[in-house]
Amino acid sequence: MRFPLRSNGRIGNPSYGKIPFPDSLTANSLTQLDHITDVKSLLQTLGRPNERDVQVAGKIDGDVMVLGAAGKMGPTLVSRIVNAFQMADQANRVIAVSRFQDDQAESEIRHSGATVIAADLMNEKDLAALPDAANVIHLVGMKFGSSGKSPMTWAVNTFLPGRVAQRFRDANIVALSTGNVYGEVAVDGGGSVETDELRPVGEYAQSCVGRERIFQYFSERHRTPVCLVRLNYAVETRYGVLLDIGQNVFAGRPVSLAIGHVNVIWQGDANSVCFRALQHCRSPAEVLNLTGPQHSVREIAERFGRLFDKPPRFEGQPRATALLSDASRCEKTFGGPATPVDQVIELVARWIATGQPTHGKPTKFERHDGRF
C-alpha cells in the first residue's frame, strides 16, 4: 500500500492515526510505540521507568548526579530516574549538571523535577563547587566535531574523567564509554566482548580508551566502585543510525554500505541500563557492552523502502568487518532490550515522513577512519 503524499513530499497523515504498513512487516505495528506522535510523547516515553527501574530506585541510597545532562541522552535519562524514585516513593534527589547551552534541554530537565546546576566541568572551581553525591553518572564526552580539535577531545575525554574520579572518589560512578574502543571485527564473529583487546581507530576512539583507563586507575587507587558502559548505537526518532538510513531512503539519496552491519538499541532501553548499572559498580571497574542485536544496513534500508514505497539506492560494497559488539554479558545482568528494532524502524519512518524535528547530527556510522 502506498502512503498519501502531501505537496511537500511528506506522508500525509494529519490525524496521526494508524497507517497500514505492508503485510510483510510486523502484524502488530508499533505495539509498544504507537502513542509516540511528537516530541512531547517521545520524551514521556523515553523518560518512563520500567518495573526494574523502580525496583532499583527503591534500593539506591543517596542522590544521583548526572554529569553532562544536556546531551542527547541526558534529559530523558534524568527524567527516567526522577520518575523511578517518585514511583518507588523515595526522596532521593536527581542533580543534573551541564553548561546548558541548549535552553530546550534545560527546560526539559527542570520540568522533570530534577535539581539543575549550570557548571563548566572543565572549570576547576565549578567542579569543586558541586555538591557531594553518592551516585554519579558521567555522560560527558566529545565525539562530533572532534576531528581537527584533538587537544580539546583529549582534555574532555581523558583529562576531565581524572578530575571527576578524584572529586567523587567516594561515589558509585557509571561512566559512559563506546564500542569504538574495540575497532572493527568480522561481521560473522558475533561482535567484540568485554575481554577483547582494544584496537581503537582515530583519536576519538583512542581518547575514549584513555577515559576508561583513567577511571580504572582511580577505581583501583581509591577503591571507587565504577561501571564502564560501552554503548553503541543508541537510537530514537531524532537521532541515530536508523534515522540516518531512513532519511537517505526517503530523500532518494544513496545509502552507504561502507559499514554493512550495525548494532542498535532503543534509547529508552539504554537509559534503563545506565541507571540500573549504579548497582553494579565495582573496584576494579566493571565493564559492560550495552547494545542490541546486529542488523544488516541493506536490510534496514530495504525495510524503510517498503514503508516509504521508495526502493532504496546504495553505494559501495560492505566489507567483511564492522564495528560490532556482543552484549551477552550485559543481557545476563539486566535482561535483553525490551523494544524490538522492527517497531523502532516503523516509528522512525513515521517520524521522518511527517516532518517531525530531529537533532540534525548525523552519526557518521559509515566511517572506517574514526574521524567524526
# chains A, B, ... in the order shown; residues from 1 in each chain; ligands from 1
$ select_by_dssp --residues "region 102-136 of chain A" --states "strand (DSSP E)" --output "list of chain:residue names"
A:Thr115, A:Val116, A:Ile117, A:Ala118, A:Asn135, A:Val136
$ write_last_selection --atoms "C-alpha atoms" --output "PDB file, in the first residue's frame"
ATOM      1  CA  THR A 115      17.779  19.865  40.562  1.00  0.00           C
ATOM      2  CA  VAL A 116      19.588  21.814  37.829  1.00  0.00           C
ATOM      3  CA  ILE A 117      23.150  23.105  38.235  1.00  0.00           C
ATOM      4  CA  ALA A 118      24.786  25.077  35.425  1.00  0.00           C
ATOM      5  CA  ASN A 135      25.945   8.130  42.819  1.00  0.00           C
ATOM      6  CA  VAL A 136      27.330   9.742  39.671  1.00  0.00           C
TER       7      VAL A 136
END
$ residues_around --residues "Asp126 (chain A)" --least-positions-apart "5" --cutoff "12 Å" --atoms "only C-alpha atoms" --output "ChimeraX atom specification"
/A:97-99,117-121,131,163-164,167
$ write_last_selection --atoms "C-alpha atoms" --output "JSON list (two decimals), in the first residue's frame"
[["chain", "number", "residue", "atom", "x", "y", "z"],
["A", 97, "VAL", "CA", 24.82, 19.19, 35.73],
["A", 98, "SER", "CA", 25.73, 20.76, 32.40],
["A", 99, "ARG", "CA", 26.80, 24.02, 30.81],
["A", 117, "ILE", "CA", 23.15, 23.11, 38.24],
["A", 118, "ALA", "CA", 24.79, 25.08, 35.43],
["A", 119, "ALA", "CA", 28.52, 24.41, 35.54],
["A", 120, "ASP", "CA", 31.50, 24.10, 33.22],
["A", 121, "LEU", "CA", 33.15, 20.90, 34.42],
["A", 131, "PRO", "CA", 27.54, 19.08, 45.96],
["A", 163, "ARG", "CA", 39.22, 15.23, 37.84],
["A", 164, "VAL", "CA", 35.74, 13.72, 38.17],
["A", 167, "ARG", "CA", 36.19, 14.76, 43.06]]
$ closest_atom_pairs --of "region 171-286 of chain A" --to "region 61-65 of chain A" --cutoff "12 Å" --atoms "only C-alpha atoms" --output "JSON lines"
{"residue": "A:Ala171", "atom": "CA", "partner": "A:Val64", "partner_atom": "CA", "distance": 9.5}
{"residue": "A:Asn172", "atom": "CA", "partner": "A:Val64", "partner_atom": "CA", "distance": 9.3}
{"residue": "A:Ile173", "atom": "CA", "partner": "A:Met65", "partner_atom": "CA", "distance": 9.5}
{"residue": "A:Val174", "atom": "CA", "partner": "A:Met65", "partner_atom": "CA", "distance": 10.4}
{"residue": "A:Ala175", "atom": "CA", "partner": "A:Met65", "partner_atom": "CA", "distance": 11.9}
{"residue": "A:Cys274", "atom": "CA", "partner": "A:Val64", "partner_atom": "CA", "distance": 11.9}
{"residue": "A:Phe275", "atom": "CA", "partner": "A:Val64", "partner_atom": "CA", "distance": 9.3}
{"residue": "A:Arg276", "atom": "CA", "partner": "A:Val64", "partner_atom": "CA", "distance": 11.6}
{"residue": "A:Leu278", "atom": "CA", "partner": "A:Val64", "partner_atom": "CA", "distance": 9.2}
{"residue": "A:Gln279", "atom": "CA", "partner": "A:Asp61", "partner_atom": "CA", "distance": 10.2}
$ closest_residue --among "A:Arg298, A:Arg213, A:Arg282, A:Arg319" --to "Ile245 (chain A)" --atoms "only C-alpha atoms"
A:Arg298
$ select_by_dssp --residues "region 113-272 of chain A" --states "helix (DSSP H, G or I)" --output "ChimeraX atom specification"
/A:124-129,150-167,179-181,202-222,241-251,267-272
$ residues_around --residues "His111 (chain A)" --least-positions-apart "6" --cutoff "12 Å" --atoms "only C-alpha atoms" --output "ChimeraX atom specification"
/A:40,43-44,47,75-76,78-79,82-83,96,104-105
$ write_last_selection --atoms "N, CA and C atoms" --output "short mmCIF file (atom, residue, chain, number, x, y, z; two decimals), in the first residue's frame"
data_model
loop_
_atom_site.label_atom_id
_atom_site.label_comp_id
_atom_site.auth_asym_id
_atom_site.auth_seq_id
_atom_site.Cartn_x
_atom_site.Cartn_y
_atom_site.Cartn_z
N LYS A 40 6.84 15.73 22.56
CA LYS A 40 6.35 15.59 23.93
C LYS A 40 6.12 14.13 24.29
N LEU A 43 9.47 12.22 24.56
CA LEU A 43 10.19 12.46 25.81
C LEU A 43 9.53 11.72 26.97
N GLN A 44 8.21 11.71 26.97
CA GLN A 44 7.49 10.99 28.03
C GLN A 44 7.81 9.50 28.00
N GLY A 47 11.44 8.78 29.06
CA GLY A 47 11.64 9.06 30.47
C GLY A 47 10.77 8.23 31.40
N PRO A 75 18.70 14.41 29.09
CA PRO A 75 17.38 14.84 29.58
C PRO A 75 16.42 13.69 29.85
N THR A 76 16.36 12.71 28.96
CA THR A 76 15.42 11.61 29.18
C THR A 76 15.93 10.64 30.24
N VAL A 78 17.67 11.62 32.93
CA VAL A 78 17.33 12.33 34.16
C VAL A 78 15.86 12.16 34.50
N SER A 79 15.00 12.37 33.51
CA SER A 79 13.56 12.24 33.72
C SER A 79 13.20 10.83 34.17
N VAL A 82 14.22 10.43 37.89
CA VAL A 82 13.30 11.18 38.75
C VAL A 82 11.99 10.41 38.91
N ASN A 83 11.45 9.96 37.78
CA ASN A 83 10.18 9.24 37.82
C ASN A 83 10.29 7.92 38.57
N ALA A 96 21.11 17.38 37.94
CA ALA A 96 21.53 17.43 36.54
C ALA A 96 22.54 18.56 36.35
N GLN A 104 16.40 24.48 25.47
CA GLN A 104 15.35 23.47 25.43
C GLN A 104 15.67 22.31 26.37
N ALA A 105 16.93 21.87 26.35
CA ALA A 105 17.33 20.76 27.23
C ALA A 105 17.18 21.16 28.69
#
$ closest_atom_pairs --of "region 308-332 of chain A" --to "region 186-196 of chain A" --cutoff "6 Å" --atoms "only C-alpha atoms" --output "JSON lines"
{"residue": "A:Ala320", "atom": "CA", "partner": "A:Ala186", "partner_atom": "CA", "distance": 5.7}
{"residue": "A:Thr321", "atom": "CA", "partner": "A:Ala186", "partner_atom": "CA", "distance": 4.3}
{"residue": "A:Leu324", "atom": "CA", "partner": "A:Gly191", "partner_atom": "CA", "distance": 4.6}
{"residue": "A:Ser325", "atom": "CA", "partner": "A:Gly191", "partner_atom": "CA", "distance": 4.1}
{"residue": "A:Asp326", "atom": "CA", "partner": "A:Gly191", "partner_atom": "CA", "distance": 4.7}
$ write_last_selection --atoms "C-alpha atoms" --output "CSV table (one decimal), in the first residue's frame"
chain,number,residue,atom,x,y,z
A,320,ALA,CA,33.8,-8.3,5.9
A,321,THR,CA,34.3,-6.2,9.1
A,324,LEU,CA,30.1,-4.7,16.4
A,325,SER,CA,29.6,-5.6,20.0
A,326,ASP,CA,28.4,-8.6,21.8
$ atom_distance --atom1 "CA of Phe168 (chain A)" --atom2 "CA of Val140 (chain A)"
14.7 Å
$ atom_distance --atom1 "CA of Ala322 (chain A)" --atom2 "CA of Pro293 (chain A)"
13.7 Å
$ atom_distance --atom1 "CA of Val54 (chain A)" --atom2 "CA of Ala327 (chain A)"
22.9 Å
$ residues_around --residues "Pro311 (chain A)" --least-positions-apart "4" --cutoff "8 Å" --atoms "only C-alpha atoms" --output "list of chain:residue names"
A:Val249, A:Glu302, A:Gly305, A:Arg306
$ closest_residue --among "A:Asn123, A:Ser207, A:Asn50, A:Ser112" --to "Gly141 (chain A)" --atoms "only C-alpha atoms"
A:Ser207
$ closest_residue --among "A:Ser107, A:Ser177, A:Gln343, A:Gln267" --to "Val287 (chain A)" --atoms "only C-alpha atoms"
A:Ser177
$ residues_around --residues "Thr291 (chain A)" --least-positions-apart "3" --cutoff "12 Å" --atoms "only C-alpha atoms" --output "NGL selection string"
:A and (177-179 or 191-193 or 229-235 or 262-271 or 273-274 or 288 or 294-295 or 323-331 or 334-339 or 341)
$ residues_around --residues "Thr237 (chain A)" --least-positions-apart "2" --cutoff "10 Å" --atoms "only C-alpha atoms" --output "PyMOL selection string"
chain A and resi 36+38-39+42+235+239-243+266-267+344-345+347-352+356-359
$ write_last_selection --atoms "C-alpha atoms" --output "mmCIF file, in the first residue's frame"
data_model
loop_
_atom_site.group_PDB
_atom_site.id
_atom_site.type_symbol
_atom_site.label_atom_id
_atom_site.label_comp_id
_atom_site.auth_asym_id
_atom_site.auth_seq_id
_atom_site.Cartn_x
_atom_site.Cartn_y
_atom_site.Cartn_z
ATOM 1 C CA ILE A 36 4.562 8.491 20.166
ATOM 2 C CA ASP A 38 5.503 14.232 18.652
ATOM 3 C CA VAL A 39 8.446 15.364 20.770
ATOM 4 C CA LEU A 42 8.639 10.855 22.729
ATOM 5 C CA VAL A 235 18.657 5.282 18.616
ATOM 6 C CA TYR A 239 18.926 10.893 16.210
ATOM 7 C CA GLY A 240 20.764 7.697 15.387
ATOM 8 C CA VAL A 241 21.742 5.202 12.734
ATOM 9 C CA LEU A 242 18.147 4.309 11.870
ATOM 10 C CA LEU A 243 17.279 7.971 11.320
ATOM 11 C CA TRP A 266 16.295 1.921 21.646
ATOM 12 C CA GLN A 267 17.364 4.897 23.774
ATOM 13 C CA VAL A 344 11.567 1.403 16.083
ATOM 14 C CA ILE A 345 12.137 1.371 12.312
ATOM 15 C CA LEU A 347 8.265 4.661 14.250
ATOM 16 C CA VAL A 348 11.299 6.393 12.718
ATOM 17 C CA ALA A 349 9.729 6.071 9.250
ATOM 18 C CA ARG A 350 6.559 7.735 10.504
ATOM 19 C CA TRP A 351 8.620 10.459 12.215
ATOM 20 C CA ILE A 352 10.575 11.234 9.037
ATOM 21 C CA GLN A 356 8.974 15.863 12.903
ATOM 22 C CA PRO A 357 12.092 17.636 14.279
ATOM 23 C CA THR A 358 15.488 15.982 14.556
ATOM 24 C CA HIS A 359 18.791 16.920 16.182
#
